[in-house]
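The block underneath contains the structure these notes are about, expressed in structure tokens.
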Amino acid sequence: MRRGTRKSARNKPYQIPTSAESHDAFWTIKENQQYLKEAFYHTQDLKFREIVIQNVPCLLCYLDPLVDEDKLQRTIMKPLMERNKLNVDHIVTSKEIRISKDLLKAVSGLTKGFVVFLTEGVQKFYLLEAFSADSRTVKEPVNEQVVRGSHEGFVENIMQNIQMLRRRVENPNLVVKFFKVGRTTDTKVAIVYIQNLANPDLIREVEKRINAIETDSIQTPGYVEEFIEDDPFSPFPQMLSTERPDRLTAHIIEGRVGLLMEGSPSTLIMPVTFFSFYQSPEDYNSRWYIGSVLRIIRITSFIFALALPSIYIATVSFHSEILPAELILNIKSSLENVPFPPLIEALIMQVTLELLREAAIRLPGPIAQTIGIVGGLVIGTAIVEANLVSNMMIIIVALTAISSFAVPSYEMSMSIRLLGFPLMLLSASFGFIGLVFGLSLILIHLCGLETFGTPYFSPLAPFRFNELKDSIIRLPRWLLGKRPIDVKAQEERQEWFSRRWKRNEDE
Amino acid sequence: MKTNNTINSTQLFFIIFQTQVGVGVLSLPTSLYAGAKTDGWITLLITGVIIQGIIFILYLLSNRFPSSTLYEYAPKIVGKYIAFILSLLYIAFAIATAVIVLELFETTIKTWILFRTPMLAILLLLTITGTYLAVGKLKVMGRFYQFVSILIVPLVIMAAYTLKDADLRYILPIGQNGVGTILKATQKGIVSMLGFEILLFVYPYVQDKGKAALKSATLANIAVTSLYAFLTFTTYVFFSPKQLEMIPEPIVYMLKGVSFIIVDRVDLLFLSIWIVSVMTSYASYLYIAGKGLQHLTKRKKTTGPIILVAVIALVLSLFTHDRYTIEVIAGYHAKASYFFALGIPIVLWLISIIFKKKEGAL
């Protein structure tokens, strides 16, 4: 096949055919009803209700599951029946009223929770909003819990999520832009940013990438993420996923762009740096010393989770002489009865651990605890007594696992544990040399990775001393006068001497 | 949407620094000792001054053509054909340096850490990592070099820790071998401090050209000179002159005797850090050669040329692996390096001054 033809075929995505085409409405209710029924292939949740107003037969048509019963009664049926007049514009109290002659509009309106109001002998019809906004109650997201701070979490309803944002940022500059993505699902995706603060180039780039999406369906934000991220082959997540409104707000205020999606409580933030994954909104609620120490602990956890098993393997299988005699005697005696090389030991334990985690994650709470006890205590003890794995290795793997769970972001903690495996292989074959090269490769990758024009590993590479104070540690808020430079926000300052009252106090 | 492929003056500093610090650091004290006896560390300081002069000339040359590399402006100075040959020579020189780095790295690793690992495996490790680094464009190299430079701190601390066993009498009286010997030994020093010539190839990518760039290069030179002089000095006060004659890599030997609370073999840590420095200088030379090849073949990207260069260097380094051959090659390479780091740039600079060749003025 010639290259040109293949390309053009790729550019025309296949679409599931629908019978609905642009079609002028008919003059009689019957014909319109027939048309709509056929457009929806006689689906049984399409409901019709005939009413007579001023002796003219009229027809209400709606998709039952999408329409709010109360709204339908209160804002449409009741006014129409009680006032018994045909000037719908004035009588119906719906939030949104559209008038159209195109039946395709009626079809797409119905799928969005509108009620179609048809009148006998009139071609144009009304689309009356009666959308059911039901969603689950706002709860704290289970995977991003904090001790102090907001316990609000996003829900599946995009409008309610935007409402939470608007309540936090009461500013007309907060802009929401909607996109329709997915040809079959027609999913609503929104980007939010602060006008005159977020870099216009960044907004244009995000819009460009979202508009380029040509796909059948978008089920989760993960789809969008994979379509628009810079380096799809990188092991590191390049967008921060969060279910916390306070986290999203904090990032938007720094000049980033947030992406929300109908049907998913997790939102995406872009562009982010590596260290965003190690920050938690809670940091700003505790004393700044504590916040700083917590951040340093988390970054240490990164190194542990990544390299601890590899360091151990390299040490015991290649360079046991690096340890002092007393320590090495302990380690070697625990290794004595184990028939496997350290790499196999580590793999057994790591795989067991991943299995336990994967098994426990989808079980209801009490059973998950049982799994934890069976897995952690029983297997842990038994495997050592059976001489399959050494005591030391259990300690190392347990430490690694705990470290990896200390990361506030789930994706990042998975990525790191995954990266540990090739490192273990390298250090099992080359000792420290292999480990150094492996870590260098990861570091080079981190240095080269960029998301939406922002260096991923900033402020360490490129090194920016001034920004260490809000990434590696957390200094008091009044010392963080400037926004991070990499986002290229239009206004750099974010704080103006809030503690100036102190100066007057001493007088 | 990508950031510009430029480096700031701090990154320039680290690029020059890390290119200079490399394989040579291990054998430097011995080779200096062969030339200037226990005054080798003074030689190093003098070498630093000489190199500062060279850096100044390189800077003057680069500054006449601030937006092009040597490969790009050579045709304007000496004409198409000579420039072509010059570029080829530079590429060959950079490849040869890469080969020597590979060789020395392999022999050192074999002697100190991995005794039975196949040679190819060790060479491949360095080649793959170095190529990945060099392919990533100059900005990535700049960021990486700057980040890993923090590793120099523990290295210095390790060496400084040995000073507790130092005996100053070993190097006294200072200057006992006479000015002539000390000066003569500078040629040995220059070889191990090569790498500053990368200035000729990265200058167009520097954001703040002119004085700021010169300052970075100068500071890099000062940093390298003091680091080397310090390391040499510590070995000279640690080992007696008799011992120094016999020990090929005194720094590693010195650290082998040291132990901290939980680390018994500090030399292993030292070598692990040293690997990173080797990797950076190796990547720099791959970059120099790859950039030249890219220019000659008129390609848009450096990726292909750099991979090609890396493969050539790998194949070449497979041929020779006994110590003697390496030394012979290194000797030739050292002589050639005077031309490439000093001779050719000076000639180009003089010609460009005499014929008033400058960027913009054709």
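Simple scheme: letters A, B, ... for chains in structure tokens order, numbers from 1 for residues in each chain, numbers from 1 for ligands in the order shown.
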Quick one: residues within 8 Å of region 99-110 of chain B, only C-alpha atoms counted, chain neighbours fewer than 6 positions away excluded, as a ChimeraX atom specification?
/B:23,116-117,119,122-123,126,278,282,313-314,316-317,320-321,323,326,329-330
Residues of the last selection are to be written out with all heavy atoms, as a compact mmCIF listing (two decimals), in the first residue's frame.
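Ended up saving to result.txt:
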```txt
# COMPACT_ATOMS: atom_id res chain seq x y z
N VAL B 23 39.09 10.06 33.25
CA VAL B 23 39.88 8.86 33.46
C VAL B 23 41.25 9.17 34.06
O VAL B 23 41.76 8.44 34.90
CB VAL B 23 40.01 8.14 32.11
CG1 VAL B 23 41.33 7.50 31.94
CG2 VAL B 23 38.92 7.12 31.98
N ARG B 116 36.57 -10.80 36.55
CA ARG B 116 36.30 -11.84 35.55
C ARG B 116 35.18 -11.47 34.59
O ARG B 116 34.82 -12.28 33.74
CB ARG B 116 35.95 -13.15 36.27
CG ARG B 116 37.16 -13.80 36.90
CD ARG B 116 36.86 -15.23 37.25
NE ARG B 116 35.87 -15.31 38.31
CZ ARG B 116 36.18 -15.31 39.62
NH1 ARG B 116 37.43 -15.26 39.99
NH2 ARG B 116 35.24 -15.37 40.52
N THR B 117 34.64 -10.28 34.70
CA THR B 117 33.57 -9.90 33.78
C THR B 117 34.15 -9.72 32.38
O THR B 117 35.22 -9.17 32.23
CB THR B 117 32.93 -8.58 34.24
OG1 THR B 117 32.62 -8.70 35.61
CG2 THR B 117 31.68 -8.27 33.47
N MET B 119 35.19 -8.29 28.88
CA MET B 119 35.54 -6.92 28.54
C MET B 119 34.38 -6.21 27.83
O MET B 119 34.07 -5.07 28.11
CB MET B 119 36.76 -6.96 27.64
CG MET B 119 37.20 -5.63 27.16
SD MET B 119 38.66 -5.80 26.16
CE MET B 119 38.04 -6.67 24.75
N ILE B 122 31.64 -4.67 30.03
CA ILE B 122 32.00 -3.41 30.69
C ILE B 122 31.99 -2.26 29.69
O ILE B 122 31.45 -1.19 29.95
CB ILE B 122 33.38 -3.54 31.35
CG1 ILE B 122 33.34 -4.65 32.40
CG2 ILE B 122 33.80 -2.23 31.98
CD1 ILE B 122 34.67 -4.92 33.03
N LEU B 123 32.59 -2.52 28.51
CA LEU B 123 32.63 -1.47 27.50
C LEU B 123 31.22 -1.08 27.07
O LEU B 123 30.92 0.10 26.87
CB LEU B 123 33.42 -1.95 26.29
CG LEU B 123 34.92 -2.12 26.51
CD1 LEU B 123 35.58 -2.63 25.25
CD2 LEU B 123 35.55 -0.81 26.93
N LEU B 126 29.44 1.36 29.48
CA LEU B 126 29.85 2.76 29.32
C LEU B 126 29.34 3.32 28.00
O LEU B 126 28.85 4.45 27.94
CB LEU B 126 31.38 2.87 29.39
CG LEU B 126 31.94 4.27 29.30
CD1 LEU B 126 31.37 5.15 30.40
CD2 LEU B 126 33.45 4.26 29.40
N VAL B 278 34.00 9.61 34.48
CA VAL B 278 34.47 9.01 33.23
C VAL B 278 33.36 9.08 32.19
O VAL B 278 33.58 9.46 31.04
CB VAL B 278 34.90 7.55 33.46
CG1 VAL B 278 35.20 6.88 32.14
CG2 VAL B 278 36.09 7.49 34.36
N TYR B 282 33.52 10.90 28.57
CA TYR B 282 33.30 10.07 27.40
C TYR B 282 32.16 10.64 26.55
O TYR B 282 32.30 10.79 25.33
CB TYR B 282 32.98 8.64 27.86
CG TYR B 282 32.53 7.71 26.77
CD1 TYR B 282 33.42 7.23 25.83
CD2 TYR B 282 31.21 7.31 26.70
CE1 TYR B 282 33.01 6.37 24.84
CE2 TYR B 282 30.77 6.45 25.72
CZ TYR B 282 31.67 5.99 24.79
OH TYR B 282 31.25 5.14 23.80
N ALA B 313 33.94 3.79 18.13
CA ALA B 313 34.82 3.80 19.31
C ALA B 313 34.80 2.45 20.01
O ALA B 313 35.84 1.93 20.43
CB ALA B 313 34.40 4.90 20.27
N LEU B 314 33.63 1.85 20.09
CA LEU B 314 33.51 0.55 20.75
C LEU B 314 34.31 -0.50 20.01
O LEU B 314 35.09 -1.26 20.61
CB LEU B 314 32.03 0.15 20.84
CG LEU B 314 31.74 -1.18 21.50
CD1 LEU B 314 32.10 -1.11 22.97
CD2 LEU B 314 30.29 -1.56 21.33
N LEU B 316 36.80 -0.07 17.90
CA LEU B 316 38.24 0.19 18.00
C LEU B 316 38.78 -0.23 19.37
O LEU B 316 39.88 -0.78 19.46
CB LEU B 316 38.52 1.68 17.77
CG LEU B 316 38.41 2.15 16.33
CD1 LEU B 316 38.68 3.64 16.25
CD2 LEU B 316 39.39 1.40 15.45
N SER B 317 37.99 0.01 20.39
CA SER B 317 38.51 -0.29 21.73
C SER B 317 38.55 -1.79 21.99
O SER B 317 39.17 -2.24 22.94
CB SER B 317 37.66 0.41 22.79
OG SER B 317 36.36 -0.12 22.75
N THR B 320 42.54 -3.42 21.15
CA THR B 320 43.73 -3.38 21.99
C THR B 320 43.31 -3.39 23.44
O THR B 320 42.49 -2.58 23.86
CB THR B 320 44.47 -2.06 21.74
OG1 THR B 320 43.53 -1.02 21.90
CG2 THR B 320 45.06 -2.01 20.38
N HIS B 321 43.86 -4.30 24.21
CA HIS B 321 43.51 -4.18 25.60
C HIS B 321 44.64 -4.57 26.55
O HIS B 321 44.38 -4.78 27.71
CB HIS B 321 42.25 -4.97 25.91
CG HIS B 321 42.24 -6.33 25.30
ND1 HIS B 321 41.71 -6.55 24.06
CD2 HIS B 321 42.70 -7.51 25.74
CE1 HIS B 321 41.83 -7.82 23.76
NE2 HIS B 321 42.44 -8.42 24.75
N ARG B 323 47.98 -3.38 28.63
CA ARG B 323 48.42 -2.12 29.18
C ARG B 323 49.43 -1.42 28.30
O ARG B 323 49.41 -0.21 28.12
CB ARG B 323 49.03 -2.37 30.55
CG ARG B 323 48.12 -1.83 31.60
CD ARG B 323 48.67 -1.35 32.81
NE ARG B 323 47.64 -0.41 33.26
CZ ARG B 323 47.05 -0.47 34.43
NH1 ARG B 323 47.39 -1.37 35.28
NH2 ARG B 323 46.14 0.39 34.75
N ILE B 326 48.00 0.29 25.18
CA ILE B 326 47.26 1.49 25.57
C ILE B 326 48.23 2.63 25.85
O ILE B 326 48.02 3.76 25.42
CB ILE B 326 46.41 1.22 26.82
CG1 ILE B 326 45.40 0.14 26.52
CG2 ILE B 326 45.69 2.48 27.25
CD1 ILE B 326 44.70 -0.37 27.74
N ILE B 329 49.51 4.04 22.57
CA ILE B 329 48.48 4.87 21.92
C ILE B 329 48.30 6.18 22.69
O ILE B 329 48.25 7.26 22.10
CB ILE B 329 47.13 4.12 21.87
CG1 ILE B 329 47.30 2.84 21.06
CG2 ILE B 329 46.08 4.99 21.23
CD1 ILE B 329 46.08 1.96 21.09
N ALA B 330 48.23 6.05 24.01
CA ALA B 330 48.03 7.25 24.82
C ALA B 330 49.17 8.24 24.60
O ALA B 330 48.96 9.45 24.58
CB ALA B 330 47.92 6.87 26.29
```
DSSP says strand (DSSP E or B) for which residues of region 22-120 of chain A? Put them as a list in words?
Asp24, Leu46, Lys47, Phe48, Arg49, Glu50, Ile51, Val52, Ile53, Val56, Pro57, Cys58, Leu59, Leu60, Cys61, Tyr62, Leu63, Val67, Ile97, Arg98, Ile99, Ser100, Asp102, Phe114, Val115, Val116, Phe117, Leu118 and Thr119 of chain A
So how many Å separate CA of Ser277 (chain B) and CA of Phe236 (chain A), to one decimal?
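Computing it gives 25.8 Å between the two atoms.
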Extract the full set of helix (DSSP H, G or I) residues from region 6-232 of chain B according to DSSP on the backbone, and format it as a PyMOL selection string.
chain B and resi 9-20+23-25+28-64+70-78+80-112+119-135+137-165+168-171+178-184+186-192+196-205+211-232
Interface, chain A side, toward chain B (10 Å; only C-alpha atoms) as a PyMOL selection string
chain A and resi 201-202+205+230+318-327+426+429-438+440-455+457-458+460-463
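Rounded to one decimal, CA of Glu327 (chain B) and CA of Leu32 (chain B) lie 15.1 Å from each other.
The coordinates place CA of Glu467 (chain A) at 8.2 Å from CA of Ile485 (chain A).
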Would you list the contacts of Asp102 (chain A) as a count of residues only, taking every protein, DNA or RNA residue within 9 Å and counting only C-alpha atoms, but skipping same-chain residues closer than 2 positions in sequence?
10
Write out as a PyMOL selection string the residues lying within 12 Å of Lys211 (chain B), counting only C-alpha atoms and excluding same-chain residues fewer than 5 positions away.
chain B and resi 9+56+59-60+63+206+216-218
Produce a file of the selected residues containing all heavy atoms, as a PDB file, in the first residue's frame.
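Writing the result to part-v4.pdb gives the following:
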```
ATOM      1  N   SER B   9      25.510  29.899  31.931  1.00  0.00           N
ATOM      2  CA  SER B   9      26.954  29.916  32.175  1.00  0.00           C
ATOM      3  C   SER B   9      27.344  28.946  33.290  1.00  0.00           C
ATOM      4  O   SER B   9      28.448  28.410  33.275  1.00  0.00           O
ATOM      5  CB  SER B   9      27.420  31.336  32.496  1.00  0.00           C
ATOM      6  OG  SER B   9      26.561  31.933  33.408  1.00  0.00           O
ATOM      7  N   PHE B  56      41.977  31.238  27.209  1.00  0.00           N
ATOM      8  CA  PHE B  56      41.760  32.603  26.776  1.00  0.00           C
ATOM      9  C   PHE B  56      41.775  32.688  25.253  1.00  0.00           C
ATOM     10  O   PHE B  56      40.936  33.353  24.643  1.00  0.00           O
ATOM     11  CB  PHE B  56      42.834  33.507  27.392  1.00  0.00           C
ATOM     12  CG  PHE B  56      42.511  34.960  27.279  1.00  0.00           C
ATOM     13  CD1 PHE B  56      41.394  35.478  27.920  1.00  0.00           C
ATOM     14  CD2 PHE B  56      43.304  35.809  26.519  1.00  0.00           C
ATOM     15  CE1 PHE B  56      41.078  36.820  27.809  1.00  0.00           C
ATOM     16  CE2 PHE B  56      42.988  37.141  26.402  1.00  0.00           C
ATOM     17  CZ  PHE B  56      41.875  37.659  27.051  1.00  0.00           C
ATOM     18  N   TYR B  59      38.736  31.169  23.831  1.00  0.00           N
ATOM     19  CA  TYR B  59      37.615  32.082  24.014  1.00  0.00           C
ATOM     20  C   TYR B  59      37.631  33.179  22.957  1.00  0.00           C
ATOM     21  O   TYR B  59      36.601  33.498  22.349  1.00  0.00           O
ATOM     22  CB  TYR B  59      37.675  32.691  25.419  1.00  0.00           C
ATOM     23  CG  TYR B  59      36.891  33.956  25.579  1.00  0.00           C
ATOM     24  CD1 TYR B  59      35.502  33.906  25.667  1.00  0.00           C
ATOM     25  CD2 TYR B  59      37.525  35.194  25.621  1.00  0.00           C
ATOM     26  CE1 TYR B  59      34.771  35.063  25.796  1.00  0.00           C
ATOM     27  CE2 TYR B  59      36.798  36.350  25.751  1.00  0.00           C
ATOM     28  CZ  TYR B  59      35.424  36.290  25.839  1.00  0.00           C
ATOM     29  OH  TYR B  59      34.705  37.443  25.958  1.00  0.00           O
ATOM     30  N   LEU B  60      38.840  33.744  22.709  1.00  0.00           N
ATOM     31  CA  LEU B  60      38.936  34.813  21.716  1.00  0.00           C
ATOM     32  C   LEU B  60      38.503  34.309  20.345  1.00  0.00           C
ATOM     33  O   LEU B  60      37.784  34.986  19.612  1.00  0.00           O
ATOM     34  CB  LEU B  60      40.368  35.344  21.655  1.00  0.00           C
ATOM     35  CG  LEU B  60      40.793  36.205  22.843  1.00  0.00           C
ATOM     36  CD1 LEU B  60      42.254  36.604  22.696  1.00  0.00           C
ATOM     37  CD2 LEU B  60      39.919  37.440  22.955  1.00  0.00           C
ATOM     38  N   ASN B  63      34.744  33.700  20.304  1.00  0.00           N
ATOM     39  CA  ASN B  63      33.973  34.929  20.402  1.00  0.00           C
ATOM     40  C   ASN B  63      33.939  35.685  19.081  1.00  0.00           C
ATOM     41  O   ASN B  63      33.107  36.559  18.878  1.00  0.00           O
ATOM     42  CB  ASN B  63      34.540  35.817  21.509  1.00  0.00           C
ATOM     43  CG  ASN B  63      33.451  36.600  22.199  1.00  0.00           C
ATOM     44  OD1 ASN B  63      32.283  36.206  22.119  1.00  0.00           O
ATOM     45  ND2 ASN B  63      33.812  37.692  22.835  1.00  0.00           N
ATOM     46  N   VAL B 206      25.793  28.690  24.371  1.00  0.00           N
ATOM     47  CA  VAL B 206      25.797  29.350  25.667  1.00  0.00           C
ATOM     48  C   VAL B 206      24.889  30.575  25.612  1.00  0.00           C
ATOM     49  O   VAL B 206      24.913  31.325  24.640  1.00  0.00           O
ATOM     50  CB  VAL B 206      27.237  29.773  26.046  1.00  0.00           C
ATOM     51  CG1 VAL B 206      27.256  30.404  27.420  1.00  0.00           C
ATOM     52  CG2 VAL B 206      28.157  28.580  26.013  1.00  0.00           C
ATOM     53  N   SER B 216      33.100  31.504  33.300  1.00  0.00           N
ATOM     54  CA  SER B 216      32.783  30.108  33.573  1.00  0.00           C
ATOM     55  C   SER B 216      33.958  29.208  33.246  1.00  0.00           C
ATOM     56  O   SER B 216      34.324  28.327  34.039  1.00  0.00           O
ATOM     57  CB  SER B 216      31.587  29.649  32.735  1.00  0.00           C
ATOM     58  OG  SER B 216      30.480  30.403  33.056  1.00  0.00           O
ATOM     59  N   ALA B 217      34.549  29.422  32.055  1.00  0.00           N
ATOM     60  CA  ALA B 217      35.665  28.578  31.643  1.00  0.00           C
ATOM     61  C   ALA B 217      36.822  28.734  32.618  1.00  0.00           C
ATOM     62  O   ALA B 217      37.466  27.747  33.003  1.00  0.00           O
ATOM     63  CB  ALA B 217      36.092  28.939  30.227  1.00  0.00           C
ATOM     64  N   THR B 218      37.083  29.975  33.039  1.00  0.00           N
ATOM     65  CA  THR B 218      38.172  30.215  33.974  1.00  0.00           C
ATOM     66  C   THR B 218      37.923  29.512  35.294  1.00  0.00           C
ATOM     67  O   THR B 218      38.808  28.832  35.839  1.00  0.00           O
ATOM     68  CB  THR B 218      38.327  31.727  34.222  1.00  0.00           C
ATOM     69  OG1 THR B 218      38.376  32.369  32.957  1.00  0.00           O
ATOM     70  CG2 THR B 218      39.579  32.031  34.998  1.00  0.00           C
TER      71      THR B 218
END
```
Ala36 (chain B): which residues within 8 Å, counting only C-alpha atoms, same-chain residues fewer than 5 positions away excluded, as a PyMOL selection string?
chain B and resi 43+177+181-182+184-185
Dump all heavy atoms for the selected residues as a PDB file, in the first residue's frame?
```pdb
ATOM      1  N   THR B  43      53.768  21.411  39.742  1.00  0.00           N
ATOM      2  CA  THR B  43      53.643  21.328  38.290  1.00  0.00           C
ATOM      3  C   THR B  43      52.197  21.535  37.871  1.00  0.00           C
ATOM      4  O   THR B  43      51.894  22.267  36.925  1.00  0.00           O
ATOM      5  CB  THR B  43      54.091  19.935  37.816  1.00  0.00           C
ATOM      6  OG1 THR B  43      55.380  19.687  38.308  1.00  0.00           O
ATOM      7  CG2 THR B  43      54.070  19.858  36.315  1.00  0.00           C
ATOM      8  N   ASN B 177      63.511  19.683  43.117  1.00  0.00           N
ATOM      9  CA  ASN B 177      63.957  19.162  41.833  1.00  0.00           C
ATOM     10  C   ASN B 177      64.257  20.245  40.809  1.00  0.00           C
ATOM     11  O   ASN B 177      64.538  19.953  39.645  1.00  0.00           O
ATOM     12  CB  ASN B 177      62.900  18.216  41.266  1.00  0.00           C
ATOM     13  CG  ASN B 177      62.640  17.092  42.237  1.00  0.00           C
ATOM     14  OD1 ASN B 177      63.556  16.340  42.569  1.00  0.00           O
ATOM     15  ND2 ASN B 177      61.417  17.004  42.742  1.00  0.00           N
ATOM     16  N   THR B 181      62.842  20.920  35.884  1.00  0.00           N
ATOM     17  CA  THR B 181      62.113  19.650  35.930  1.00  0.00           C
ATOM     18  C   THR B 181      60.625  19.895  36.097  1.00  0.00           C
ATOM     19  O   THR B 181      59.797  19.252  35.440  1.00  0.00           O
ATOM     20  CB  THR B 181      62.591  18.798  37.126  1.00  0.00           C
ATOM     21  OG1 THR B 181      63.868  19.265  37.513  1.00  0.00           O
ATOM     22  CG2 THR B 181      62.612  17.354  36.757  1.00  0.00           C
ATOM     23  N   ILE B 182      60.322  20.816  36.985  1.00  0.00           N
ATOM     24  CA  ILE B 182      58.901  21.078  37.254  1.00  0.00           C
ATOM     25  C   ILE B 182      58.199  21.554  35.990  1.00  0.00           C
ATOM     26  O   ILE B 182      57.126  21.077  35.626  1.00  0.00           O
ATOM     27  CB  ILE B 182      58.762  22.128  38.383  1.00  0.00           C
ATOM     28  CG1 ILE B 182      59.318  21.560  39.681  1.00  0.00           C
ATOM     29  CG2 ILE B 182      57.325  22.551  38.546  1.00  0.00           C
ATOM     30  CD1 ILE B 182      59.284  22.518  40.849  1.00  0.00           C
ATOM     31  N   LYS B 184      59.175  21.100  32.923  1.00  0.00           N
ATOM     32  CA  LYS B 184      59.176  20.071  31.884  1.00  0.00           C
ATOM     33  C   LYS B 184      58.013  19.096  32.083  1.00  0.00           C
ATOM     34  O   LYS B 184      57.441  18.568  31.132  1.00  0.00           O
ATOM     35  CB  LYS B 184      60.506  19.317  31.931  1.00  0.00           C
ATOM     36  CG  LYS B 184      61.064  19.031  30.548  1.00  0.00           C
ATOM     37  CD  LYS B 184      62.441  18.425  30.677  1.00  0.00           C
ATOM     38  CE  LYS B 184      62.786  17.629  29.439  1.00  0.00           C
ATOM     39  NZ  LYS B 184      64.006  16.840  29.673  1.00  0.00           N
ATOM     40  N   ALA B 185      57.679  18.864  33.353  1.00  0.00           N
ATOM     41  CA  ALA B 185      56.628  17.893  33.641  1.00  0.00           C
ATOM     42  C   ALA B 185      55.241  18.420  33.324  1.00  0.00           C
ATOM     43  O   ALA B 185      54.273  17.663  33.335  1.00  0.00           O
ATOM     44  CB  ALA B 185      56.691  17.473  35.109  1.00  0.00           C
TER      45      ALA B 185
END
```
List the spatial neighbours of Asp216 (chain A) as a list in words - criterion: any atom at most 8 Å away, only C-alpha atoms, same-chain residues fewer than 6 positions off excluded.
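The filter keeps Gln15, Gly182, Arg183, Thr184 and Thr185 of chain A.
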